[in-house]
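data.pdb follows; it contains PDB, C-alpha atoms, pLDDT in the B column.
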```pdb
ATOM      1  CA  MET A   1     -22.865  -0.420 -10.871  1.00 64.00           C
ATOM      2  CA  ASN A   2     -25.880  -2.460  -9.982  1.00 63.00           C
ATOM      3  CA  TYR A   3     -25.835  -5.617  -7.937  1.00 66.00           C
ATOM      4  CA  ALA A   4     -26.528  -7.856 -10.938  1.00 65.00           C
ATOM      5  CA  GLU A   5     -23.197  -6.880 -12.556  1.00 80.00           C
ATOM      6  CA  LEU A   6     -21.053  -7.546  -9.495  1.00 87.00           C
ATOM      7  CA  PRO A   7     -18.193  -9.965 -10.336  1.00 91.00           C
ATOM      8  CA  PRO A   8     -17.083 -12.698  -7.893  1.00 90.00           C
ATOM      9  CA  GLN A   9     -15.581 -11.105  -4.789  1.00 94.00           C
ATOM     10  CA  PRO A  10     -12.467 -12.383  -2.998  1.00 94.00           C
ATOM     11  CA  HIS A  11     -12.133 -12.765   0.749  1.00 94.00           C
ATOM     12  CA  PRO A  12     -11.029  -9.471   2.397  1.00 94.00           C
ATOM     13  CA  LEU A  13      -7.722 -11.077   3.426  1.00 96.00           C
ATOM     14  CA  VAL A  14      -6.960 -11.822  -0.226  1.00 96.00           C
ATOM     15  CA  SER A  15      -7.736  -8.209  -1.107  1.00 96.00           C
ATOM     16  CA  TYR A  16      -5.573  -7.004   1.783  1.00 97.00           C
ATOM     17  CA  LEU A  17      -2.617  -9.022   0.519  1.00 97.00           C
ATOM     18  CA  ARG A  18      -3.155  -7.979  -3.099  1.00 97.00           C
ATOM     19  CA  VAL A  19      -3.333  -4.292  -2.163  1.00 97.00           C
ATOM     20  CA  GLY A  20      -0.024  -4.389  -0.282  1.00 95.00           C
ATOM     21  CA  LYS A  21       1.861  -7.017  -2.275  1.00 95.00           C
ATOM     22  CA  LEU A  22       4.844  -4.738  -2.940  1.00 93.00           C
ATOM     23  CA  LEU A  23       4.898  -3.668   0.675  1.00 95.00           C
ATOM     24  CA  TYR A  24       4.757  -7.212   1.992  1.00 96.00           C
ATOM     25  CA  TRP A  25       7.671  -8.297  -0.193  1.00 96.00           C
ATOM     26  CA  SER A  26       9.651  -5.399   1.257  1.00 96.00           C
ATOM     27  CA  LEU A  27       8.473  -6.456   4.739  1.00 97.00           C
ATOM     28  CA  VAL A  28      10.086  -9.862   4.232  1.00 97.00           C
ATOM     29  CA  LEU A  29      13.286  -8.151   3.100  1.00 97.00           C
ATOM     30  CA  PHE A  30      13.328  -5.829   6.125  1.00 98.00           C
ATOM     31  CA  ILE A  31      12.827  -8.781   8.469  1.00 98.00           C
ATOM     32  CA  LEU A  32      15.727 -10.622   6.840  1.00 98.00           C
ATOM     33  CA  GLU A  33      17.877  -7.484   6.901  1.00 98.00           C
ATOM     34  CA  SER A  34      17.115  -6.905  10.569  1.00 98.00           C
ATOM     35  CA  TRP A  35      18.088 -10.443  11.393  1.00 98.00           C
ATOM     36  CA  PHE A  36      21.333 -10.139   9.356  1.00 98.00           C
ATOM     37  CA  TYR A  37      22.266  -6.793  10.929  1.00 97.00           C
ATOM     38  CA  TRP A  38      21.536  -8.114  14.422  1.00 97.00           C
ATOM     39  CA  VAL A  39      23.816 -11.093  13.829  1.00 95.00           C
ATOM     40  CA  GLN A  40      26.531  -8.710  12.605  1.00 94.00           C
ATOM     41  CA  PHE A  41      25.975  -6.460  15.621  1.00 95.00           C
ATOM     42  CA  GLU A  42      26.325  -9.405  18.032  1.00 93.00           C
ATOM     43  CA  ALA A  43      29.497 -10.510  16.259  1.00 91.00           C
ATOM     44  CA  SER A  44      30.931  -6.997  16.551  1.00 91.00           C
ATOM     45  CA  LEU A  45      30.346  -7.067  20.338  1.00 89.00           C
ATOM     46  CA  GLU A  46      33.263  -9.478  20.621  1.00 84.00           C
ATOM     47  CA  LYS A  47      35.593  -7.167  18.694  1.00 78.00           C
ATOM     48  CA  SER A  48      34.664  -4.204  20.914  1.00 74.00           C
ATOM     49  CA  SER A  49      35.100  -1.646  18.129  1.00 84.00           C
ATOM     50  CA  LEU A  50      32.781   1.241  18.967  1.00 89.00           C
ATOM     51  CA  LEU A  51      32.623   2.384  15.342  1.00 91.00           C
ATOM     52  CA  LEU A  52      31.695  -1.111  14.152  1.00 91.00           C
ATOM     53  CA  LEU A  53      29.128  -1.476  16.948  1.00 93.00           C
ATOM     54  CA  ALA A  54      27.540   1.853  16.026  1.00 94.00           C
ATOM     55  CA  PHE A  55      27.480   0.968  12.317  1.00 95.00           C
ATOM     56  CA  TRP A  56      25.779  -2.418  12.709  1.00 95.00           C
ATOM     57  CA  PHE A  57      23.356  -1.185  15.364  1.00 96.00           C
ATOM     58  CA  SER A  58      22.361   1.757  13.128  1.00 97.00           C
ATOM     59  CA  CYS A  59      21.752  -0.625  10.228  1.00 97.00           C
ATOM     60  CA  PHE A  60      19.691  -2.870  12.495  1.00 98.00           C
ATOM     61  CA  LEU A  61      17.588   0.027  13.801  1.00 98.00           C
ATOM     62  CA  PHE A  62      16.955   1.307  10.276  1.00 97.00           C
ATOM     63  CA  SER A  63      15.663  -2.087   9.112  1.00 97.00           C
ATOM     64  CA  PHE A  64      13.775  -2.862  12.305  1.00 97.00           C
ATOM     65  CA  VAL A  65      11.879   0.448  12.291  1.00 96.00           C
ATOM     66  CA  HIS A  66      10.978  -0.101   8.644  1.00 96.00           C
ATOM     67  CA  ILE A  67       9.200  -3.334   9.570  1.00 97.00           C
ATOM     68  CA  PHE A  68       6.611  -1.320  11.469  1.00 95.00           C
ATOM     69  CA  LEU A  69       6.459   1.452   8.879  1.00 94.00           C
ATOM     70  CA  VAL A  70       5.720  -1.080   6.137  1.00 96.00           C
ATOM     71  CA  ILE A  71       2.970  -2.689   8.227  1.00 95.00           C
ATOM     72  CA  MET A  72       1.391   0.719   8.870  1.00 95.00           C
ATOM     73  CA  ASP A  73       1.700   1.665   5.203  1.00 95.00           C
ATOM     74  CA  GLY A  74      -0.013  -1.571   4.158  1.00 95.00           C
ATOM     75  CA  TRP A  75      -2.843  -0.947   6.585  1.00 95.00           C
ATOM     76  CA  SER A  76      -3.253   2.616   5.246  1.00 95.00           C
ATOM     77  CA  ARG A  77      -3.339   1.365   1.659  1.00 96.00           C
ATOM     78  CA  PHE A  78      -6.105  -1.068   2.625  1.00 97.00           C
ATOM     79  CA  GLN A  79      -8.123   1.891   3.904  1.00 97.00           C
ATOM     80  CA  ASN A  80      -7.551   3.566   0.502  1.00 96.00           C
ATOM     81  CA  TYR A  81      -8.691   0.387  -1.222  1.00 98.00           C
ATOM     82  CA  LYS A  82     -11.950   0.196   0.760  1.00 97.00           C
ATOM     83  CA  ARG A  83     -12.751   3.853   0.079  1.00 97.00           C
ATOM     84  CA  ALA A  84     -11.931   3.536  -3.638  1.00 97.00           C
ATOM     85  CA  LYS A  85     -14.006   0.372  -3.957  1.00 97.00           C
ATOM     86  CA  ASP A  86     -17.037   2.046  -2.385  1.00 97.00           C
ATOM     87  CA  LEU A  87     -16.619   5.057  -4.671  1.00 97.00           C
ATOM     88  CA  PHE A  88     -16.322   2.885  -7.802  1.00 97.00           C
ATOM     89  CA  PHE A  89     -19.330   0.838  -6.722  1.00 96.00           C
ATOM     90  CA  VAL A  90     -21.537   3.876  -6.131  1.00 95.00           C
ATOM     91  CA  HIS A  91     -20.369   6.094  -9.001  1.00 95.00           C
ATOM     92  CA  GLY A  92     -19.040   3.627 -11.558  1.00 94.00           C
ATOM     93  CA  PHE A  93     -15.721   4.393 -13.169  1.00 96.00           C
ATOM     94  CA  ASN A  94     -15.162   8.126 -12.832  1.00 95.00           C
ATOM     95  CA  THR A  95     -11.710   9.625 -13.483  1.00 96.00           C
ATOM     96  CA  ARG A  96     -11.987  11.724 -10.340  1.00 96.00           C
ATOM     97  CA  ILE A  97     -11.667   8.554  -8.242  1.00 97.00           C
ATOM     98  CA  PRO A  98      -8.295   7.263  -9.503  1.00 97.00           C
ATOM     99  CA  GLU A  99      -7.016  10.853  -9.547  1.00 95.00           C
ATOM    100  CA  MET A 100      -7.100  10.764  -5.729  1.00 95.00           C
ATOM    101  CA  TYR A 101      -4.649   7.844  -5.792  1.00 95.00           C
ATOM    102  CA  VAL A 102      -2.147   8.994  -8.419  1.00 92.00           C
ATOM    103  CA  GLY A 103       0.454  10.068  -5.830  1.00 87.00           C
ATOM    104  CA  SER A 104       2.283   6.803  -5.207  1.00 91.00           C
ATOM    105  CA  LYS A 105       2.670   3.291  -6.573  1.00 94.00           C
ATOM    106  CA  CYS A 106       1.084   1.787  -3.461  1.00 94.00           C
ATOM    107  CA  GLN A 107      -1.933   4.095  -3.589  1.00 94.00           C
ATOM    108  CA  ARG A 108      -2.379   3.395  -7.304  1.00 96.00           C
ATOM    109  CA  ASN A 109      -2.193  -0.319  -6.576  1.00 97.00           C
ATOM    110  CA  ALA A 110      -4.950   0.052  -3.953  1.00 97.00           C
ATOM    111  CA  ALA A 111      -7.181   1.796  -6.511  1.00 97.00           C
ATOM    112  CA  ILE A 112      -6.315  -0.772  -9.205  1.00 98.00           C
ATOM    113  CA  VAL A 113      -7.239  -3.708  -6.955  1.00 98.00           C
ATOM    114  CA  ALA A 114     -10.517  -1.988  -6.007  1.00 97.00           C
ATOM    115  CA  ALA A 115     -11.341  -1.255  -9.651  1.00 97.00           C
ATOM    116  CA  GLU A 116     -10.368  -4.751 -10.786  1.00 97.00           C
ATOM    117  CA  GLU A 117     -12.652  -6.370  -8.223  1.00 96.00           C
ATOM    118  CA  LEU A 118     -15.553  -4.387  -9.681  1.00 96.00           C
ATOM    119  CA  GLY A 119     -14.674  -5.013 -13.329  1.00 94.00           C
ATOM    120  CA  TYR A 120     -13.009  -1.651 -14.090  1.00 96.00           C
ATOM    121  CA  LYS A 121      -9.406  -2.777 -14.451  1.00 96.00           C
ATOM    122  CA  ASP A 122      -9.105  -1.836 -18.143  1.00 96.00           C
ATOM    123  CA  GLN A 123     -10.504   1.638 -17.519  1.00 97.00           C
ATOM    124  CA  ILE A 124      -8.217   2.421 -14.587  1.00 97.00           C
ATOM    125  CA  MET A 125      -5.144   1.069 -16.374  1.00 97.00           C
ATOM    126  CA  ASP A 126      -6.001   3.184 -19.434  1.00 96.00           C
ATOM    127  CA  TYR A 127      -6.461   6.197 -17.173  1.00 97.00           C
ATOM    128  CA  PHE A 128      -3.064   5.786 -15.480  1.00 96.00           C
ATOM    129  CA  ASP A 129      -1.452   5.053 -18.843  1.00 95.00           C
ATOM    130  CA  GLY A 130      -3.001   8.244 -20.249  1.00 95.00           C
ATOM    131  CA  LYS A 131      -1.497  10.196 -17.342  1.00 93.00           C
ATOM    132  CA  GLY A 132       1.951   8.927 -18.360  1.00 92.00           C
ATOM    133  CA  ILE A 133       2.346   6.716 -15.307  1.00 91.00           C
ATOM    134  CA  LYS A 134       4.629   3.775 -15.957  1.00 88.00           C
ATOM    135  CA  TRP A 135       4.995   0.491 -14.066  1.00 86.00           C
ATOM    136  CA  TYR A 136       8.427   1.581 -12.785  1.00 87.00           C
ATOM    137  CA  HIS A 137       7.195   4.810 -11.145  1.00 85.00           C
ATOM    138  CA  TYR A 138       7.795   3.594  -7.600  1.00 82.00           C
ATOM    139  CA  ILE A 139       8.964   6.799  -5.920  1.00 82.00           C
ATOM    140  CA  PRO A 140       5.944   8.791  -4.747  1.00 81.00           C
ATOM    141  CA  TYR A 141       5.585  12.042  -6.643  1.00 79.00           C
ATOM    142  CA  PHE A 142       5.392  14.136  -3.480  1.00 79.00           C
ATOM    143  CA  MET A 143       8.936  13.030  -2.587  1.00 81.00           C
ATOM    144  CA  ILE A 144      10.191  14.560  -5.815  1.00 82.00           C
ATOM    145  CA  HIS A 145       8.129  17.743  -5.525  1.00 83.00           C
ATOM    146  CA  ASP A 146       8.779  18.330  -1.805  1.00 83.00           C
ATOM    147  CA  PRO A 147      12.191  17.144  -0.563  1.00 84.00           C
ATOM    148  CA  MET A 148      11.208  18.182   2.978  1.00 87.00           C
ATOM    149  CA  PHE A 149       8.265  15.738   2.995  1.00 84.00           C
ATOM    150  CA  LEU A 150       9.476  14.008   6.169  1.00 83.00           C
ATOM    151  CA  PHE A 151       8.672  17.167   8.105  1.00 86.00           C
ATOM    152  CA  ARG A 152       5.142  17.544   6.736  1.00 84.00           C
ATOM    153  CA  ASN A 153       2.036  16.279   8.512  1.00 84.00           C
ATOM    154  CA  TYR A 154       0.408  15.219   5.252  1.00 80.00           C
ATOM    155  CA  PHE A 155       3.176  12.674   4.661  1.00 82.00           C
ATOM    156  CA  TRP A 156       2.733  10.964   8.030  1.00 82.00           C
ATOM    157  CA  GLU A 157      -1.066  11.117   7.957  1.00 83.00           C
ATOM    158  CA  ARG A 158      -1.477   9.970   4.365  1.00 80.00           C
ATOM    159  CA  THR A 159       1.258   7.331   4.414  1.00 82.00           C
ATOM    160  CA  PHE A 160       1.076   5.670   7.822  1.00 84.00           C
ATOM    161  CA  LEU A 161      -1.879   7.058   9.755  1.00 83.00           C
ATOM    162  CA  GLU A 162      -4.798   6.855   7.345  1.00 89.00           C
ATOM    163  CA  LYS A 163      -8.065   6.940   9.268  1.00 91.00           C
ATOM    164  CA  VAL A 164     -10.091   3.739   9.548  1.00 93.00           C
ATOM    165  CA  TYR A 165     -12.584   3.494   6.724  1.00 95.00           C
ATOM    166  CA  GLU A 166     -15.582   1.221   7.209  1.00 95.00           C
ATOM    167  CA  SER A 167     -16.816  -0.075   3.884  1.00 95.00           C
ATOM    168  CA  LYS A 168     -20.433   0.772   3.202  1.00 94.00           C
ATOM    169  CA  PHE A 169     -21.098  -2.530   1.453  1.00 93.00           C
ATOM    170  CA  ASP A 170     -20.429  -6.191   2.094  1.00 90.00           C
ATOM    171  CA  TYR A 171     -19.411  -7.114  -1.439  1.00 91.00           C
ATOM    172  CA  ARG A 172     -19.091 -10.843  -0.848  1.00 88.00           C
ATOM    173  CA  SER A 173     -22.631 -11.020   0.573  1.00 87.00           C
ATOM    174  CA  LEU A 174     -23.961  -8.927  -2.304  1.00 86.00           C
ATOM    175  CA  TYR A 175     -22.311 -11.247  -4.812  1.00 84.00           C
ATOM    176  CA  LEU A 176     -23.588 -14.381  -3.069  1.00 83.00           C
ATOM    177  CA  GLU A 177     -27.146 -12.953  -2.888  1.00 82.00           C
ATOM    178  CA  ARG A 178     -26.999 -12.225  -6.601  1.00 74.00           C
ATOM    179  CA  ALA A 179     -25.657 -15.708  -7.331  1.00 63.00           C
ATOM    180  CA  LEU A 180     -28.634 -17.380  -5.613  1.00 66.00           C
TER     181      LEU A 180
END
```
Could you rewrite the structure in this file as structure tokens?
Amino acid sequence: MNYAELPPQPHPLVSYLRVGKLLYWSLVLFILESWFYWVQFEASLEKSSLLLLAFWFSCFLFSFVHIFLVIMDGWSRFQNYKRAKDLFFVHGFNTRIPEMYVGSKCQRNAAIVAAEELGYKDQIMDYFDGKGIKWYHYIPYFMIHDPMFLFRNYFWERTFLEKVYESKFDYRSLYLERAL
């Protein structure tokens, strides 16, 4: 893609929110769940039932930990987005790029947002459609293929600990320079 064809570029915060929109909806739910479970846990303190205390505290911990996991996942997907956007910008639409992000709904969404911001949304949607990927394919494929995924380094590194990726281009500046 050359600079003259660059579509209007959103603020990075807008892109960040668009990339993780599913994650951030679940973040709101986990915050509400945590609050609800904490209230139930406090209420069970008065009844002094150890089983009830353990149940509500376990539910609270599950939801509370997921708040941080969702935040880390969203940050990792934004790193995927920046890398995909640079690759699409340099190489144009090439099927090898979205193939790297086929694994999960959130990774596909990162690639879709990157492609859309560069004018390749139809191509990437056609590509994923051609691969048989449907809108309701939320469960990451690796979870189906490897039930022991929780014990694999690739899961933790790829899902929550993606390395920082510094974009090679300032797309908003490039667009504004072209617009002048």
Would you list the residues near (-9.5, -3.5, 3.1), meaning any protein, DNA or RNA residue with an atom at most 10 Å from that point in file coordinates, counting only C-alpha atoms, as a PyMOL selection string? chain A and resi 11-19+74-83+85+110+114+164-167
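Proximity ranking of A:Val90, A:Leu161, A:Leu52, A:Cys106 relative to Tyr138 of chain A places A:Cys106 first, based on only C-alpha atoms.
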Within 9 Å of Phe128 of chain A using only C-alpha atoms, minus same-chain residues under 3 positions, as JSON, numbers by chain: {"A": [98, 99, 102, 108, 123, 124, 125, 131, 132, 133, 134]}
Write the selection just made, keeping C-alpha atoms, as a PDB file, in the coordinates of the input?
```pdb
ATOM      1  CA  PRO A  98      -8.295   7.263  -9.503  1.00 97.00           C
ATOM      2  CA  GLU A  99      -7.016  10.853  -9.547  1.00 95.00           C
ATOM      3  CA  VAL A 102      -2.147   8.994  -8.419  1.00 92.00           C
ATOM      4  CA  ARG A 108      -2.379   3.395  -7.304  1.00 96.00           C
ATOM      5  CA  GLN A 123     -10.504   1.638 -17.519  1.00 97.00           C
ATOM      6  CA  ILE A 124      -8.217   2.421 -14.587  1.00 97.00           C
ATOM      7  CA  MET A 125      -5.144   1.069 -16.374  1.00 97.00           C
ATOM      8  CA  LYS A 131      -1.497  10.196 -17.342  1.00 93.00           C
ATOM      9  CA  GLY A 132       1.951   8.927 -18.360  1.00 92.00           C
ATOM     10  CA  ILE A 133       2.346   6.716 -15.307  1.00 91.00           C
ATOM     11  CA  LYS A 134       4.629   3.775 -15.957  1.00 88.00           C
TER      12      LYS A 134
END
```
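Distance annotation: of A:Phe57, A:Leu87, A:Tyr101, A:Phe93, the residue with the minimal separation from Phe169 of chain A is A:Leu87; atom set is only C-alpha atoms.
Here atom CA of Ile97 of chain A and atom CA of Leu27 of chain A stand 28.3 Å from one another.
At a cut-off of 10 Å from (2.8, 0.0, -5.5), the residue set is Val19, Gly20, Lys21, Leu22, Leu23, Arg77, Ser104, Lys105, Cys106, Gln107, Arg108, Asn109, Ala110, Ile112, Trp135, Tyr136, His137, Tyr138, Ile139 and Pro140 of chain A (counting all atoms listed in the file).
Comparing A:Asp73, A:Glu33, A:Asp170, A:Glu5 by their smallest distance to Glu157 of chain A, the closest is A:Asp73 (using only C-alpha atoms).
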Atom CA of His91 of chain A and atom CA of Tyr175 of chain A, how far apart in Å? 17.9 Å
Measure the distance from atom CA of Trp38 of chain A to atom CA of Val70 of chain A in Å and round it to one decimal. 19.2 Å
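Closest to Phe30 of chain A among A:Ser48, A:Ser173, A:Gln9, A:Ser63 is A:Ser63, based on all atoms listed in the file.
Counting only C-alpha atoms and comparing A:Tyr120, A:Tyr141, A:Tyr24, A:Trp35, the residue that lies closest to Leu69 of chain A is A:Tyr24.
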Which residue out of A:Ser26, A:Glu42, A:Asn153, A:Pro10 has the minimum interatomic distance to Phe68 of chain A when all atoms listed in the file are used? A:Ser26
Trp56 of chain A surroundings by all atoms listed in the file, 9 Å radius, close-in-sequence under 5 positions cut, as a PyMOL selection string: chain A and resi 37-42+44+51+61
Output as AutoDock Vina command-line options the centre and edge lengths (Å, one decimal) of the box along x, y and z of the file that holds every listed atom of segment 147-154 of chain A after adding 3 Å on each side.
```
--center_x 6.3 --center_y 16.1 --center_z 4.0 --size_x 17.8 --size_y 10.2 --size_z 15.1
```
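Within 7 Å of segment 117-119 of chain A, once all atoms listed in the file are used and residues closer than 2 positions along the same chain are dropped, the contacting residues are Leu6, Pro7, Gln9, Val113, Ala114, Ala115 and Lys121 of chain A.
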With N, CA and C atoms as the target, complete segment 19-34 of chain A and hand it back as a compact mmCIF listing (two decimals), in the frame of the given file.
```
# COMPACT_ATOMS: atom_id res chain seq x y z
N VAL A 19 -3.53 -5.74 -2.23
CA VAL A 19 -3.33 -4.29 -2.16
C VAL A 19 -1.89 -3.97 -1.75
N GLY A 20 -1.35 -4.69 -0.80
CA GLY A 20 -0.02 -4.39 -0.28
C GLY A 20 1.07 -5.32 -0.74
N LYS A 21 0.89 -5.99 -1.88
CA LYS A 21 1.86 -7.02 -2.28
C LYS A 21 3.29 -6.49 -2.36
N LEU A 22 3.48 -5.30 -2.89
CA LEU A 22 4.84 -4.74 -2.94
C LEU A 22 5.37 -4.46 -1.54
N LEU A 23 4.50 -3.97 -0.70
CA LEU A 23 4.90 -3.67 0.68
C LEU A 23 5.26 -4.93 1.44
N TYR A 24 4.50 -6.00 1.22
CA TYR A 24 4.76 -7.21 1.99
C TYR A 24 6.01 -7.93 1.52
N TRP A 25 6.37 -7.78 0.25
CA TRP A 25 7.67 -8.30 -0.19
C TRP A 25 8.79 -7.52 0.48
N SER A 26 8.62 -6.19 0.58
CA SER A 26 9.65 -5.40 1.26
C SER A 26 9.67 -5.72 2.75
N LEU A 27 8.52 -6.06 3.33
CA LEU A 27 8.47 -6.46 4.74
C LEU A 27 9.35 -7.68 4.97
N VAL A 28 9.24 -8.66 4.11
CA VAL A 28 10.09 -9.86 4.23
C VAL A 28 11.56 -9.48 4.16
N LEU A 29 11.89 -8.58 3.22
CA LEU A 29 13.29 -8.15 3.10
C LEU A 29 13.77 -7.41 4.35
N PHE A 30 12.93 -6.55 4.91
CA PHE A 30 13.33 -5.83 6.12
C PHE A 30 13.49 -6.77 7.31
N ILE A 31 12.67 -7.79 7.39
CA ILE A 31 12.83 -8.78 8.47
C ILE A 31 14.16 -9.52 8.31
N LEU A 32 14.45 -9.94 7.09
CA LEU A 32 15.73 -10.62 6.84
C LEU A 32 16.92 -9.70 7.09
N GLU A 33 16.80 -8.46 6.65
CA GLU A 33 17.88 -7.48 6.90
C GLU A 33 18.09 -7.28 8.39
N SER A 34 17.00 -7.12 9.12
CA SER A 34 17.11 -6.90 10.57
C SER A 34 17.83 -8.07 11.23
```
